[in-house]
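So the structure is just underneath, and the comments pick up after that.
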Amino acid sequence: MNKSYSDSYAAAGVDVTAGYESVELIKSHVKRTNIPGVIGGIGGFGGMFELPWGDYKNPVLVSGTDGVGTKLKLAFLMDKHDTIGIDCVAMCVNDVACSGAKPLFFLDYIACGKNYPEKIAQIVKGVAEGCVQSGCALVGGETAEHPGLMPDEEYDLAGFTVGIGEKDKLVSGEHLKAGDALIGVASSGVHSNGFSLVRKVFNIGEDTIGVHYDELGTTLGEELITPTRIYVKPLLTLMDSVRVNAISHITGGGFYENVPRMLSDNTLAVIEKNKCHHKPIFDLIQKTGGISEHDMYNTFNMGTGLVIAVDSDKADEAVRILTDCGEAAAVIGEIRNGEKGVDLV
């Protein structure tokens, strides 16, 4: 007996009609992100954005792509999918902003075992919120159903962003020098890195995510699911008034991997740990897992999401601007002459 191709595709586990329903459900979220430059809407073969060339003398496009990693496991366990998209956007746009560029548009990619339209809509709701927070447009994306490759209830999420900056104003590290002040900007928590270790330390499961910790003031799950902080608007505001010599986004690899990425040869970043921002979750991770201090600083942001280098005489102004933007910021160290690297004292 012959079977139609559409029947065969459905029998194979791919629900085309669910895909159509997902698109309809996300349209209102995507609309929230519209900014000048967006052409058309979602549903086409490519997202279109008109570049603001006239606003720049020598424009440079800066791109970034990233995912959320195993923090997704927490979203699955908590059945909470409306903030994980913020994490995805943050991981991309923060990197672009650290180069001195303004994110223009964003695209997401969701791979799922089974397309549940309401769940997809919740994921995209978070993506849209991240785009609103960073001032960029969600111009497209893809939802791919992978039956047999992924469990029905699971998904993976990744994103891609493009930003634009003036070539002579990009943050390249060329102005970094001994004597520069280092400013730390607080994180919102663990962000989206180190979750493989976190899950192992707490044996993350349905019986552990609901445990309330007095030192956290909430349950473990609610603390860990806190979205990654998006620093785009404060950074752009800062760079409008103060020359920023270098920026490090403290992501996977913590301080020891990320701070050296902003350094030039023969410069050493000296950071005073007692001046850095503190988050109780990191004390809890270290104590519960019996993890060395070095490994903690080599894995997590430890409460500081950004390290920014400015001329020493601009440090107070930079802290004031960031504070006025709603960020917790403080001078946490300085640049010295020495072998390229970071010294935590």
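For the structure tokens, the naming scheme is as follows: chains receive sequential letters (A, B, ...) according to their order of presentation, residues are indexed from 1 within each chain, and ligands are indexed from 1 in presentation order.
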Within stretch 45-222 of chain A, find each residue whose DSSP state, derived from the backbone, is strand (DSSP E or B), and express the selection as a ChimeraX atom specification. /A:48-49,59-67,102-112,137-145,147,150,155-166,181-186,212-213,218-219
Dump as a tab-separated table (two decimals), in the first residue's frame, selection limited to C-alpha atoms:
```
chain	number	residue	atom	x	y	z
A	48	MET	CA	16.97	41.54	6.39
A	49	PHE	CA	18.47	44.57	8.08
A	59	PRO	CA	32.11	51.05	9.83
A	60	VAL	CA	33.23	47.59	10.90
A	61	LEU	CA	30.89	44.63	11.36
A	62	VAL	CA	31.51	42.52	14.46
A	63	SER	CA	29.84	39.12	14.84
A	64	GLY	CA	29.43	36.64	17.66
A	65	THR	CA	27.87	33.23	18.14
A	66	ASP	CA	27.36	31.06	21.20
A	67	GLY	CA	24.99	28.73	23.02
A	102	LYS	CA	26.61	47.95	18.94
A	103	PRO	CA	24.64	44.73	18.27
A	104	LEU	CA	22.21	45.25	15.40
A	105	PHE	CA	20.40	41.99	14.89
A	106	PHE	CA	20.16	38.46	16.23
A	107	LEU	CA	19.14	35.02	14.95
A	108	ASP	CA	18.42	31.94	17.02
A	109	TYR	CA	18.58	28.22	16.31
A	110	ILE	CA	16.51	25.74	18.30
A	111	ALA	CA	16.96	22.00	17.78
A	112	CYS	CA	14.34	19.91	19.55
A	137	ALA	CA	16.40	43.11	16.54
A	138	LEU	CA	15.42	39.45	16.28
A	139	VAL	CA	15.25	39.13	12.49
A	140	GLY	CA	14.97	35.37	12.05
A	141	GLY	CA	15.85	31.93	13.25
A	142	GLU	CA	15.29	28.22	12.79
A	143	THR	CA	13.48	25.54	14.74
A	144	ALA	CA	14.59	22.05	13.72
A	145	GLU	CA	12.77	18.93	14.87
A	147	PRO	CA	13.10	12.88	16.32
A	150	MET	CA	17.10	14.00	20.78
A	155	TYR	CA	16.24	20.97	22.97
A	156	ASP	CA	19.44	22.84	22.23
A	157	LEU	CA	19.66	26.58	21.75
A	158	ALA	CA	22.28	28.69	19.99
A	159	GLY	CA	22.41	32.19	18.58
A	160	PHE	CA	24.26	34.53	16.29
A	161	THR	CA	24.53	38.32	16.30
A	162	VAL	CA	26.03	41.04	14.13
A	163	GLY	CA	27.03	44.45	15.43
A	164	ILE	CA	28.60	47.57	14.01
A	165	GLY	CA	31.27	49.92	15.27
A	166	GLU	CA	33.46	52.81	14.17
A	181	ALA	CA	42.70	50.95	36.34
A	182	LEU	CA	40.66	47.76	36.21
A	183	ILE	CA	36.94	48.08	36.90
A	184	GLY	CA	34.85	45.07	37.81
A	185	VAL	CA	31.15	44.95	36.95
A	186	ALA	CA	28.98	42.57	38.94
A	212	HIS	CA	16.09	26.26	49.84
A	213	TYR	CA	19.40	27.73	51.03
A	218	THR	CA	15.95	31.18	47.44
A	219	THR	CA	16.02	27.64	46.11
```
For stretch 280-296 of chain A, work out the shell of residues within 9 Å, counting only C-alpha atoms and skipping chain neighbours fewer than 3 positions away, then give it as a PDB file with N, CA and C atoms, in the first residue's frame.
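That gives us result-v2.pdb:
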```pdb
ATOM      1  N   GLY A 189      25.102  36.191  38.726  1.00  0.00           N
ATOM      2  CA  GLY A 189      25.246  34.858  39.298  1.00  0.00           C
ATOM      3  C   GLY A 189      26.172  34.014  38.463  1.00  0.00           C
ATOM      4  N   VAL A 190      25.847  32.744  38.315  1.00  0.00           N
ATOM      5  CA  VAL A 190      26.730  31.832  37.586  1.00  0.00           C
ATOM      6  C   VAL A 190      26.726  32.129  36.088  1.00  0.00           C
ATOM      7  N   LEU A 197      30.142  21.390  35.918  1.00  0.00           N
ATOM      8  CA  LEU A 197      30.687  21.230  37.264  1.00  0.00           C
ATOM      9  C   LEU A 197      29.603  21.465  38.314  1.00  0.00           C
ATOM     10  N   VAL A 198      28.783  22.486  38.121  1.00  0.00           N
ATOM     11  CA  VAL A 198      27.703  22.775  39.062  1.00  0.00           C
ATOM     12  C   VAL A 198      26.772  21.576  39.201  1.00  0.00           C
ATOM     13  N   LYS A 200      27.414  18.486  38.706  1.00  0.00           N
ATOM     14  CA  LYS A 200      28.098  17.395  39.400  1.00  0.00           C
ATOM     15  C   LYS A 200      28.182  17.673  40.899  1.00  0.00           C
ATOM     16  N   VAL A 201      28.520  18.917  41.259  1.00  0.00           N
ATOM     17  CA  VAL A 201      28.684  19.283  42.671  1.00  0.00           C
ATOM     18  C   VAL A 201      27.398  19.051  43.457  1.00  0.00           C
ATOM     19  N   PHE A 202      26.275  19.469  42.895  1.00  0.00           N
ATOM     20  CA  PHE A 202      25.005  19.386  43.617  1.00  0.00           C
ATOM     21  C   PHE A 202      24.186  18.153  43.238  1.00  0.00           C
ATOM     22  N   GLU A 215      21.526  31.085  52.728  1.00  0.00           N
ATOM     23  CA  GLU A 215      22.549  32.008  52.235  1.00  0.00           C
ATOM     24  C   GLU A 215      22.234  32.537  50.844  1.00  0.00           C
ATOM     25  N   LEU A 216      21.403  31.812  50.097  1.00  0.00           N
ATOM     26  CA  LEU A 216      20.989  32.271  48.773  1.00  0.00           C
ATOM     27  C   LEU A 216      19.699  33.083  48.834  1.00  0.00           C
ATOM     28  N   LEU A 220      17.899  26.445  45.207  1.00  0.00           N
ATOM     29  CA  LEU A 220      19.070  26.268  44.353  1.00  0.00           C
ATOM     30  C   LEU A 220      18.703  26.448  42.887  1.00  0.00           C
ATOM     31  N   GLU A 223      18.123  30.133  41.927  1.00  0.00           N
ATOM     32  CA  GLU A 223      19.388  30.864  41.888  1.00  0.00           C
ATOM     33  C   GLU A 223      20.149  30.551  40.601  1.00  0.00           C
ATOM     34  N   LEU A 224      20.229  29.271  40.255  1.00  0.00           N
ATOM     35  CA  LEU A 224      21.039  28.872  39.108  1.00  0.00           C
ATOM     36  C   LEU A 224      20.410  29.251  37.780  1.00  0.00           C
ATOM     37  N   GLY A 254      36.739  31.377  33.396  1.00  0.00           N
ATOM     38  CA  GLY A 254      36.882  32.316  34.492  1.00  0.00           C
ATOM     39  C   GLY A 254      37.897  33.414  34.245  1.00  0.00           C
ATOM     40  N   TYR A 256      41.265  33.295  34.797  1.00  0.00           N
ATOM     41  CA  TYR A 256      42.578  32.894  34.294  1.00  0.00           C
ATOM     42  C   TYR A 256      42.610  32.736  32.774  1.00  0.00           C
ATOM     43  N   THR A 299      37.116  28.678  36.516  1.00  0.00           N
ATOM     44  CA  THR A 299      35.887  28.119  35.963  1.00  0.00           C
ATOM     45  C   THR A 299      34.752  29.135  35.924  1.00  0.00           C
ATOM     46  N   PHE A 300      34.602  29.919  36.996  1.00  0.00           N
ATOM     47  CA  PHE A 300      33.431  30.776  37.166  1.00  0.00           C
ATOM     48  C   PHE A 300      33.791  32.265  37.138  1.00  0.00           C
ATOM     49  N   ASN A 301      32.738  33.095  37.007  1.00  0.00           N
ATOM     50  CA  ASN A 301      32.968  34.544  37.034  1.00  0.00           C
ATOM     51  C   ASN A 301      33.118  35.063  38.467  1.00  0.00           C
ATOM     52  N   MET A 302      32.750  34.265  39.453  1.00  0.00           N
ATOM     53  CA  MET A 302      32.930  34.569  40.875  1.00  0.00           C
ATOM     54  C   MET A 302      32.234  35.855  41.321  1.00  0.00           C
ATOM     55  N   GLY A 303      31.275  36.322  40.547  1.00  0.00           N
ATOM     56  CA  GLY A 303      30.537  37.532  40.907  1.00  0.00           C
ATOM     57  C   GLY A 303      30.882  38.746  40.076  1.00  0.00           C
TER      58      GLY A 303
END
```
Looking only at the backbone, which of the residues in stretch 82-216 of chain A does DSSP tag as alpha helix (DSSP H), as a VMD selection string? chain A and resid 84 to 98 117 to 134 195 to 202
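Among the candidates A:Lys27, A:His191, A:His175, A:Lys119, the residue lying nearest to A:Cys88 is A:His191 (atoms considered: only C-alpha atoms).
Among A:Glu153, A:Asp240, A:Asp168, A:Asp207, the residue with the shortest atom-to-atom distance to A:Lys73, counting only C-alpha atoms, is A:Glu153.
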Minimum-distance residue to A:Lys167, chosen among A:Ser22, A:Asn58, A:Gln133, A:Asn266 (using only C-alpha atoms): A:Asn58
Just the residues within 8 Å of A:Ala309, please, counting only C-alpha atoms, with nothing from its chain fewer than 6 positions along; format it as number ranges by chain. A: 176, 180-183, 244-247, 334-335
Of A:Pro234, A:Gly305, A:Pro117, A:Gly100, the one nearest to A:Cys276 when counting only C-alpha atoms is A:Gly305
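Using only C-alpha atoms, the smallest distance between any of A:Ala128, A:Phe76, A:Cys92, A:Lys71 and A:Asp152 comes from A:Phe76.
Those residues that approach A:Thr226 to within 10 Å, counting only C-alpha atoms, are Thr83, Ile84, Ile86, Asp87, Ser188, Gly189, Val190, His191, Ser192 and Gly221 of chain A; same-chain residues fewer than 5 positions away are not listed.
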Export of prior selection with all heavy atoms as an mmCIF file, in the first residue's frame:
```
data_model
loop_
_atom_site.group_PDB
_atom_site.id
_atom_site.type_symbol
_atom_site.label_atom_id
_atom_site.label_comp_id
_atom_site.auth_asym_id
_atom_site.auth_seq_id
_atom_site.Cartn_x
_atom_site.Cartn_y
_atom_site.Cartn_z
ATOM 1 N N THR A 83 13.424 32.134 30.234
ATOM 2 C CA THR A 83 14.597 32.970 30.513
ATOM 3 C C THR A 83 15.860 32.453 29.840
ATOM 4 O O THR A 83 16.833 33.191 29.711
ATOM 5 C CB THR A 83 14.869 33.060 32.031
ATOM 6 O OG1 THR A 83 15.131 31.742 32.549
ATOM 7 C CG2 THR A 83 13.680 33.674 32.759
ATOM 8 N N ILE A 84 15.867 31.198 29.416
ATOM 9 C CA ILE A 84 17.081 30.606 28.850
ATOM 10 C C ILE A 84 17.487 31.320 27.566
ATOM 11 O O ILE A 84 18.670 31.382 27.210
ATOM 12 C CB ILE A 84 16.874 29.088 28.614
ATOM 13 C CG1 ILE A 84 18.216 28.353 28.635
ATOM 14 C CG2 ILE A 84 16.059 28.803 27.372
ATOM 15 C CD1 ILE A 84 18.800 28.200 30.018
ATOM 16 N N ILE A 86 17.345 34.532 27.169
ATOM 17 C CA ILE A 86 18.118 35.706 27.582
ATOM 18 C C ILE A 86 19.589 35.328 27.678
ATOM 19 O O ILE A 86 20.475 36.078 27.245
ATOM 20 C CB ILE A 86 17.608 36.257 28.930
ATOM 21 C CG1 ILE A 86 16.145 36.670 28.823
ATOM 22 C CG2 ILE A 86 18.474 37.436 29.389
ATOM 23 C CD1 ILE A 86 15.532 37.108 30.156
ATOM 24 N N ASP A 87 19.849 34.157 28.259
ATOM 25 C CA ASP A 87 21.234 33.675 28.363
ATOM 26 C C ASP A 87 21.881 33.574 26.988
ATOM 27 O O ASP A 87 23.038 33.975 26.799
ATOM 28 C CB ASP A 87 21.259 32.294 29.022
ATOM 29 C CG ASP A 87 20.888 32.329 30.489
ATOM 30 O OD1 ASP A 87 21.687 32.826 31.287
ATOM 31 O OD2 ASP A 87 19.798 31.851 30.837
ATOM 32 N N SER A 188 25.212 38.556 37.523
ATOM 33 C CA SER A 188 23.930 38.240 38.162
ATOM 34 C C SER A 188 23.966 36.874 38.836
ATOM 35 O O SER A 188 22.982 36.445 39.432
ATOM 36 C CB SER A 188 22.798 38.273 37.124
ATOM 37 O OG SER A 188 23.073 37.389 36.050
ATOM 38 N N GLY A 189 25.102 36.191 38.726
ATOM 39 C CA GLY A 189 25.246 34.858 39.298
ATOM 40 C C GLY A 189 26.172 34.014 38.463
ATOM 41 O O GLY A 189 27.164 34.515 37.922
ATOM 42 N N VAL A 190 25.847 32.744 38.315
ATOM 43 C CA VAL A 190 26.730 31.832 37.586
ATOM 44 C C VAL A 190 26.726 32.129 36.088
ATOM 45 O O VAL A 190 27.654 31.756 35.377
ATOM 46 C CB VAL A 190 26.312 30.363 37.853
ATOM 47 C CG1 VAL A 190 27.225 29.388 37.132
ATOM 48 C CG2 VAL A 190 26.350 30.073 39.352
ATOM 49 N N HIS A 191 25.725 32.845 35.598
ATOM 50 C CA HIS A 191 25.562 33.132 34.165
ATOM 51 C C HIS A 191 25.373 31.826 33.398
ATOM 52 O O HIS A 191 24.528 31.023 33.751
ATOM 53 C CB HIS A 191 26.718 33.985 33.643
ATOM 54 C CG HIS A 191 26.601 35.437 34.049
ATOM 55 N ND1 HIS A 191 27.496 36.411 33.657
ATOM 56 C CD2 HIS A 191 25.676 36.068 34.806
ATOM 57 C CE1 HIS A 191 27.132 37.583 34.160
ATOM 58 N NE2 HIS A 191 26.030 37.388 34.878
ATOM 59 N N SER A 192 26.169 31.556 32.363
ATOM 60 C CA SER A 192 25.915 30.366 31.536
ATOM 61 C C SER A 192 27.159 29.513 31.350
ATOM 62 O O SER A 192 27.303 28.829 30.343
ATOM 63 C CB SER A 192 25.374 30.798 30.156
ATOM 64 O OG SER A 192 24.173 31.496 30.292
ATOM 65 N N GLY A 221 17.582 25.868 42.472
ATOM 66 C CA GLY A 221 17.172 25.972 41.077
ATOM 67 C C GLY A 221 16.923 27.394 40.648
ATOM 68 O O GLY A 221 17.376 27.824 39.579
#
```
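Residue nearest A:Thr267 within the list A:Ala178, A:Leu25, A:Val127, A:Ala97: A:Ala178 [criterion: smallest interatomic distance, only C-alpha atoms].
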